[in-house]
file model09.cif (mmCIF, C-alpha atoms)
data_entry
loop_
_atom_site.label_atom_id
_atom_site.label_comp_id
_atom_site.auth_asym_id
_atom_site.auth_seq_id
_atom_site.Cartn_x
_atom_site.Cartn_y
_atom_site.Cartn_z
CA MET A 1 196.02 122.09 88.30
CA SER A 2 197.72 124.29 85.73
CA ALA A 3 197.86 123.53 82.02
CA LEU A 4 201.31 122.78 80.60
CA TYR A 5 202.78 124.34 77.48
CA ASP A 6 205.94 124.06 75.44
CA PHE A 7 207.32 125.79 72.36
CA LEU A 8 207.45 124.45 68.81
CA PRO A 9 209.32 126.00 65.86
CA VAL A 10 207.46 127.61 62.96
CA PRO A 11 209.30 126.78 59.70
CA PRO A 12 210.54 129.84 57.78
CA LYS A 13 208.78 130.72 54.53
CA GLY A 14 210.51 130.77 51.18
CA ASN A 15 214.04 132.19 51.36
CA ASP A 16 213.62 133.68 54.79
CA GLU A 17 216.87 132.91 56.61
CA SER A 18 216.11 134.86 59.76
CA GLY A 19 215.48 131.59 61.61
CA SER A 20 212.31 129.91 62.80
CA HIS A 21 210.43 131.64 65.57
CA LEU A 22 208.65 129.67 68.25
CA TYR A 23 204.99 129.47 69.17
CA PRO A 24 203.45 128.14 72.41
CA LYS A 25 201.30 125.01 72.31
CA LEU A 26 199.44 123.21 75.08
CA ARG A 27 200.91 119.85 76.10
CA PRO A 28 197.84 117.78 77.10
CA TYR A 29 198.25 115.44 80.03
CA LYS A 30 196.06 112.84 78.31
CA THR A 31 192.62 112.41 76.72
CA VAL A 32 189.87 112.06 79.32
CA SER A 33 187.58 109.25 78.17
CA PHE A 34 183.81 109.70 78.19
CA ASP A 35 183.59 106.97 80.83
CA GLU A 36 185.93 108.97 83.09
CA LEU A 37 183.93 112.12 82.39
CA THR A 38 180.65 110.49 83.42
CA GLU A 39 182.27 109.26 86.64
CA LYS A 40 183.40 112.80 87.47
CA ILE A 41 179.92 114.19 86.79
CA ALA A 42 178.27 111.48 88.87
CA SER A 43 180.61 112.07 91.81
CA HIS A 44 179.87 115.82 91.86
CA SER A 45 176.12 115.74 91.23
CA GLY A 46 172.98 113.89 92.23
CA LEU A 47 172.91 112.07 88.89
CA THR A 48 173.74 108.42 88.45
CA LYS A 49 176.13 107.29 85.76
CA GLY A 50 173.23 105.50 84.05
CA ASN A 51 171.19 108.72 83.93
CA ILE A 52 174.11 110.62 82.43
CA LEU A 53 174.65 107.98 79.75
CA ALA A 54 170.91 107.92 78.92
CA VAL A 55 170.79 111.71 78.50
CA MET A 56 173.93 111.68 76.35
CA GLU A 57 172.49 108.98 74.13
CA GLU A 58 169.34 111.05 73.59
CA ILE A 59 171.43 114.14 72.76
CA GLU A 60 173.45 112.15 70.24
CA ASN A 61 170.37 110.58 68.62
CA TRP A 62 168.46 113.86 68.30
CA THR A 63 171.53 115.72 67.09
CA LYS A 64 172.10 113.14 64.32
CA GLN A 65 168.45 113.31 63.33
CA LEU A 66 168.28 117.09 63.20
CA LEU A 67 171.60 117.46 61.37
CA SER A 68 170.42 114.97 58.74
CA GLU A 69 167.35 117.17 58.20
CA GLY A 70 169.45 120.29 57.64
CA TYR A 71 169.27 121.93 61.07
CA ARG A 72 172.09 123.35 63.16
CA VAL A 73 172.03 122.15 66.77
CA GLN A 74 173.18 124.02 69.86
CA ILE A 75 174.82 121.78 72.47
CA GLY A 76 174.26 123.59 75.76
CA ASN A 77 176.58 126.57 76.14
CA ILE A 78 179.48 124.72 74.51
CA GLY A 79 178.67 125.58 70.91
CA THR A 80 176.72 124.73 67.79
CA VAL A 81 177.19 121.76 65.47
CA SER A 82 176.40 121.82 61.77
CA ALA A 83 176.88 119.57 58.76
CA SER A 84 178.66 120.42 55.51
CA LEU A 85 178.08 119.07 52.00
CA LYS A 86 180.41 117.78 49.32
CA ALA A 87 180.10 117.43 45.56
CA ASP A 88 181.51 114.24 44.05
CA ALA A 89 182.91 116.30 41.16
CA GLU A 90 184.19 119.86 40.80
CA VAL A 91 181.37 122.27 39.99
CA TYR A 92 181.79 125.14 37.54
CA ASP A 93 178.16 125.69 36.60
CA LYS A 94 175.41 125.14 39.17
CA GLU A 95 173.14 123.84 36.41
CA ASP A 96 175.53 120.96 35.65
CA ILE A 97 175.21 119.24 39.02
CA HIS A 98 172.39 117.06 40.30
CA ALA A 99 171.23 116.16 43.81
CA GLN A 100 172.57 112.63 43.34
CA SER A 101 176.09 114.10 43.14
CA ILE A 102 175.80 115.98 46.46
CA ARG A 103 176.28 114.25 49.79
CA PHE A 104 176.84 115.04 53.45
CA ASP A 105 180.52 115.42 54.30
CA LYS A 106 181.75 116.52 57.73
CA VAL A 107 180.15 117.64 60.97
CA LYS A 108 181.84 120.58 62.69
CA MET A 109 181.35 122.42 65.95
CA THR A 110 181.60 126.17 66.36
CA VAL A 111 182.52 126.77 69.98
CA SER A 112 180.83 129.75 71.65
CA LYS A 113 182.94 132.71 72.77
CA GLN A 114 181.50 132.41 76.26
CA PHE A 115 182.60 128.79 76.60
CA SER A 116 186.05 129.57 75.19
CA LYS A 117 186.57 132.28 77.81
CA GLN A 118 185.43 129.95 80.58
CA CYS A 119 188.07 127.39 79.54
CA SER A 120 190.92 129.81 80.19
CA GLY A 121 193.17 128.74 83.03
CA LYS A 122 196.66 129.11 84.42
CA VAL A 123 199.55 127.83 82.32
CA LEU A 124 203.00 126.62 83.32
CA ARG A 125 206.04 125.79 81.18
CA ALA A 126 206.23 122.01 80.81
CA PRO A 127 209.05 120.33 82.77
CA SER A 128 211.69 118.44 80.80
CA GLY A 129 209.84 115.13 81.01
CA LYS A 130 206.66 116.64 79.53
CA LYS A 131 208.16 118.65 76.65
CA PHE A 132 207.41 117.98 73.00
CA ARG A 133 209.82 115.49 71.50
CA GLN A 134 212.04 117.20 68.94
CA SER A 135 213.36 114.14 67.10
CA SER A 136 211.34 113.10 64.04
CA CYS A 137 211.79 109.42 64.82
CA THR A 138 209.99 109.86 68.15
CA TYR A 139 206.95 111.73 66.79
CA THR A 140 204.05 109.38 66.20
CA GLU A 141 202.08 109.66 62.96
CA GLU A 142 199.16 111.09 64.95
CA GLU A 143 201.42 113.76 66.45
CA ARG A 144 202.84 114.68 63.04
CA LEU A 145 199.34 115.06 61.60
CA ALA A 146 198.35 117.24 64.58
CA LEU A 147 201.41 119.45 64.01
CA LEU A 148 200.54 119.79 60.32
CA GLN A 149 196.88 120.65 60.95
CA SER A 150 197.84 123.19 63.62
CA TYR A 151 200.31 124.81 61.20
CA LEU A 152 197.70 125.06 58.42
CA GLU A 153 195.29 126.83 60.78
CA SER A 154 197.59 129.87 60.76
CA HIS A 155 199.28 129.52 57.35
CA ASP A 156 197.84 129.42 53.83
CA TYR A 157 200.02 126.49 52.80
CA ILE A 158 203.05 124.38 53.68
CA THR A 159 205.79 123.05 51.40
CA ARG A 160 207.40 119.65 51.68
CA ALA A 161 210.58 121.30 52.98
CA GLU A 162 208.66 123.31 55.57
CA TYR A 163 206.87 120.16 56.73
CA GLY A 164 210.24 118.44 57.05
CA THR A 165 211.49 121.30 59.21
CA LEU A 166 208.32 121.24 61.32
CA THR A 167 208.59 117.52 62.07
CA GLY A 168 212.28 116.86 61.54
CA LEU A 169 211.55 114.28 58.83
CA LEU A 170 213.91 113.64 55.95
CA LYS A 171 212.77 114.50 52.42
CA TYR A 172 211.41 111.10 51.35
CA LYS A 173 209.60 110.40 54.64
CA ALA A 174 208.08 113.89 54.65
CA TRP A 175 206.80 113.32 51.10
CA GLN A 176 205.35 109.93 52.13
CA ASP A 177 203.40 111.55 54.98
CA LEU A 178 201.99 114.33 52.83
CA ASP A 179 201.10 112.02 49.95
CA LYS A 180 199.31 109.66 52.35
CA TRP A 181 197.21 112.46 53.85
CA VAL A 182 196.32 113.87 50.43
CA LYS A 183 195.04 110.42 49.41
CA ALA A 184 193.15 110.18 52.72
CA HIS A 185 191.47 113.54 51.94
CA LEU A 186 192.88 115.14 55.10
CA ILE A 187 194.71 117.88 53.17
CA ASP A 188 194.69 119.17 49.59
CA ILE A 189 197.52 119.71 47.13
CA LYS A 190 198.09 122.68 44.79
CA GLY A 191 200.51 123.27 41.96
CA ARG A 192 203.14 121.03 40.40
CA ALA A 193 206.70 120.19 41.37
CA PRO A 194 208.89 122.04 42.15
CA HIS A 195 206.20 124.56 43.20
CA ARG A 196 203.82 122.09 44.82
CA VAL A 197 202.28 123.12 48.14
CA TYR A 198 199.88 121.50 50.58
CA VAL A 199 196.83 123.32 51.94
CA LYS A 200 194.01 122.84 54.41
CA ARG A 201 191.19 120.84 52.84
CA LYS A 202 188.24 122.98 51.78
CA GLY A 203 185.44 122.86 54.32
CA GLN A 204 187.75 121.28 56.90
CA ASP A 205 187.36 122.58 60.43
CA ASP A 206 188.65 121.67 63.84
CA GLY A 207 185.35 120.60 64.92
CA LEU A 208 184.02 117.13 65.51
#

call {"tool": "encode", "arguments": {"input": "model09.cif", "output": "structure tokens"}}
result
Amino acid sequence: MSALYDFLPVPPKGNDESGSHLYPKLRPYKTVSFDELTEKIASHSGLTKGNILAVMEEIENWTKQLLSEGYRVQIGNIGTVSASLKADAEVYDKEDIHAQSIRFDKVKMTVSKQFSKQCSGKVLRAPSGKKFRQSSCTYTEEERLALLQSYLESHDYITRAEYGTLTGLLKYKAWQDLDKWVKAHLIDIKGRAPHRVYVKRKGQDDGL
């Protein structure tokens, strides 16, 4: 089976009136649940589903334990997971912060180059029924957040107007989305109106 892709517009920056160019993005068929994954493994190996679940539980337990002790953990040939830290207050002098103010934040995975290459497959342009929906009222909140995070992976920041162009949202709704995700600590905000921009949260990664 070939992977499907479609094109999405990249909002122009600043006063650039040359028009938005397009970038290709995979259009996933669906999310394969872990239960479905274990069934596929069991049907193509000598392992039972129970054995697979038991091994996975041990991997999860040991990974949590080792990460909590400050180790990085390699997960087969897929990649390496590591934990990041967060200070409860901004730090300007390392002598002004105490251990009680530092806590574990996110866990991220760095995928190996070898695994990334092995995931390459054939791609086909998505048929009309599988294309990305272009109307803002048909994008789900989850899809809008995914579009925003994908955009911030390749851009230093996004403005409210650029986000509106990316999703098709009107001004007030676009502001509501961005304000909600700033409060949820999914993105950060810089500057003041009318020069306010939204940026990828520090330490944020597309890992786990």

call {"tool": "atom_distance", "arguments": {"input": "model09.cif", "atom1": "CA of Asp6 (chain A)", "atom2": "CA of Ala174 (chain A)"}}
result
23.2 Å

call {"tool": "resolve_selection", "arguments": {"input": "model09.cif", "expression": "the PyMOL selection byres ((chain A and resi 153) around 12)", "output": "VMD selection string"}}
result
chain A and resid 146 to 152 154 to 158 187 199 to 201 204 to 206

call {"tool": "write_last_selection", "arguments": {"input": "model09.cif", "atoms": "C-alpha atoms", "output": "PDB file, in the frame of the given file"}}
result
ATOM      1  CA  ALA A 146     198.350 117.240  64.580  1.00  0.00           C
ATOM      2  CA  LEU A 147     201.410 119.450  64.010  1.00  0.00           C
ATOM      3  CA  LEU A 148     200.540 119.790  60.320  1.00  0.00           C
ATOM      4  CA  GLN A 149     196.880 120.650  60.950  1.00  0.00           C
ATOM      5  CA  SER A 150     197.840 123.190  63.620  1.00  0.00           C
ATOM      6  CA  TYR A 151     200.310 124.810  61.200  1.00  0.00           C
ATOM      7  CA  LEU A 152     197.700 125.060  58.420  1.00  0.00           C
ATOM      8  CA  SER A 154     197.590 129.870  60.760  1.00  0.00           C
ATOM      9  CA  HIS A 155     199.280 129.520  57.350  1.00  0.00           C
ATOM     10  CA  ASP A 156     197.840 129.420  53.830  1.00  0.00           C
ATOM     11  CA  TYR A 157     200.020 126.490  52.800  1.00  0.00           C
ATOM     12  CA  ILE A 158     203.050 124.380  53.680  1.00  0.00           C
ATOM     13  CA  ILE A 187     194.710 117.880  53.170  1.00  0.00           C
ATOM     14  CA  VAL A 199     196.830 123.320  51.940  1.00  0.00           C
ATOM     15  CA  LYS A 200     194.010 122.840  54.410  1.00  0.00           C
ATOM     16  CA  ARG A 201     191.190 120.840  52.840  1.00  0.00           C
ATOM     17  CA  GLN A 204     187.750 121.280  56.900  1.00  0.00           C
ATOM     18  CA  ASP A 205     187.360 122.580  60.430  1.00  0.00           C
ATOM     19  CA  ASP A 206     188.650 121.670  63.840  1.00  0.00           C
TER      20      ASP A 206
END

call {"tool": "atom_distance", "arguments": {"input": "model09.cif", "atom1": "CA of Phe115 (chain A)", "atom2": "CA of Ile75 (chain A)"}}
result
11.3 Å

call {"tool": "residues_around", "arguments": {"input": "model09.cif", "residues": "Lys117 (chain A)", "least_positions_apart": "6", "cutoff": "12 Å", "atoms": "only C-alpha atoms", "output": "MDAnalysis selection string"}}
result
chainID A and resid 77:78 111

call {"tool": "atom_distance", "arguments": {"input": "model09.cif", "atom1": "CA of Thr110 (chain A)", "atom2": "CA of Thr80 (chain A)"}}
result
5.3 Å

call {"tool": "closest_residue", "arguments": {"input": "model09.cif", "among": "A:Ser120, A:Ser82, A:Gln114, A:Ser101", "to": "Lys64 (chain A)", "atoms": "only C-alpha atoms"}}
result
A:Ser82

call {"tool": "resolve_selection", "arguments": {"input": "model09.cif", "expression": "the PyMOL selection byres ((chain A and resi 123) around 10)", "output": "number ranges by chain"}}
result
A: 1-5, 26, 120-122, 124-126

call {"tool": "write_last_selection", "arguments": {"input": "model09.cif", "atoms": "C-alpha atoms", "output": "compact mmCIF listing (two decimals), keeping the file's coordinate frame"}}
result
# COMPACT_ATOMS: atom_id res chain seq x y z
CA MET A 1 196.02 122.09 88.30
CA SER A 2 197.72 124.29 85.73
CA ALA A 3 197.86 123.53 82.02
CA LEU A 4 201.31 122.78 80.60
CA TYR A 5 202.78 124.34 77.48
CA LEU A 26 199.44 123.21 75.08
CA SER A 120 190.92 129.81 80.19
CA GLY A 121 193.17 128.74 83.03
CA LYS A 122 196.66 129.11 84.42
CA LEU A 124 203.00 126.62 83.32
CA ARG A 125 206.04 125.79 81.18
CA ALA A 126 206.23 122.01 80.81

call {"tool": "residues_near_point", "arguments": {"input": "model09.cif", "point": "(208.0, 121.0, 50.2)", "cutoff": "12 Å", "atoms": "all atoms listed in the file", "output": "count of residues only"}}
result
36

call {"tool": "closest_residue", "arguments": {"input": "model09.cif", "among": "A:Leu8, A:Val73, A:Leu66, A:Val107", "to": "Leu85 (chain A)", "atoms": "all atoms listed in the file"}}
result
A:Val107

call {"tool": "axis_aligned_box", "arguments": {"input": "model09.cif", "around": "region 72-88 of chain A", "padding_each_side": "4 Å", "output": "lines of an AutoDock Vina configuration file"}}
result
center_x = 176.8
center_y = 120.4
center_z = 60.1
size_x = 17.5
size_y = 20.3
size_z = 40.1

call {"tool": "build_atoms", "arguments": {"input": "model09.cif", "residues": "region 111-122 of chain A", "atoms": "N, CA and C atoms", "output": "PDB file, in the coordinates of the input"}}
result
ATOM      1  N   VAL A 111     182.553 126.574  68.528  1.00  0.00           N
ATOM      2  CA  VAL A 111     182.520 126.770  69.980  1.00  0.00           C
ATOM      3  C   VAL A 111     182.143 128.218  70.294  1.00  0.00           C
ATOM      4  N   SER A 112     181.275 128.403  71.288  1.00  0.00           N
ATOM      5  CA  SER A 112     180.830 129.750  71.650  1.00  0.00           C
ATOM      6  C   SER A 112     181.949 130.532  72.319  1.00  0.00           C
ATOM      7  N   LYS A 113     181.936 131.846  72.152  1.00  0.00           N
ATOM      8  CA  LYS A 113     182.940 132.710  72.770  1.00  0.00           C
ATOM      9  C   LYS A 113     182.885 132.610  74.291  1.00  0.00           C
ATOM     10  N   GLN A 114     181.671 132.509  74.818  1.00  0.00           N
ATOM     11  CA  GLN A 114     181.500 132.410  76.260  1.00  0.00           C
ATOM     12  C   GLN A 114     182.189 131.164  76.813  1.00  0.00           C
ATOM     13  N   PHE A 115     181.991 130.030  76.138  1.00  0.00           N
ATOM     14  CA  PHE A 115     182.600 128.790  76.600  1.00  0.00           C
ATOM     15  C   PHE A 115     184.118 128.849  76.480  1.00  0.00           C
ATOM     16  N   SER A 116     184.609 129.445  75.385  1.00  0.00           N
ATOM     17  CA  SER A 116     186.050 129.570  75.190  1.00  0.00           C
ATOM     18  C   SER A 116     186.691 130.366  76.330  1.00  0.00           C
ATOM     19  N   LYS A 117     186.041 131.458  76.727  1.00  0.00           N
ATOM     20  CA  LYS A 117     186.570 132.280  77.810  1.00  0.00           C
ATOM     21  C   LYS A 117     186.579 131.509  79.131  1.00  0.00           C
ATOM     22  N   GLN A 118     185.532 130.704  79.333  1.00  0.00           N
ATOM     23  CA  GLN A 118     185.430 129.950  80.580  1.00  0.00           C
ATOM     24  C   GLN A 118     186.478 128.842  80.672  1.00  0.00           C
ATOM     25  N   CYS A 119     187.049 128.454  79.538  1.00  0.00           N
ATOM     26  CA  CYS A 119     188.070 127.390  79.540  1.00  0.00           C
ATOM     27  C   CYS A 119     189.461 127.921  79.829  1.00  0.00           C
ATOM     28  N   SER A 120     189.608 129.226  79.931  1.00  0.00           N
ATOM     29  CA  SER A 120     190.920 129.810  80.190  1.00  0.00           C
ATOM     30  C   SER A 120     191.386 129.471  81.597  1.00  0.00           C
ATOM     31  N   GLY A 121     192.621 129.083  81.722  1.00  0.00           N
ATOM     32  CA  GLY A 121     193.170 128.740  83.030  1.00  0.00           C
ATOM     33  C   GLY A 121     194.619 129.181  83.138  1.00  0.00           C
ATOM     34  N   LYS A 122     195.261 128.788  84.210  1.00  0.00           N
ATOM     35  CA  LYS A 122     196.660 129.110  84.420  1.00  0.00           C
ATOM     36  C   LYS A 122     197.539 128.162  83.606  1.00  0.00           C
TER      37      LYS A 122
END
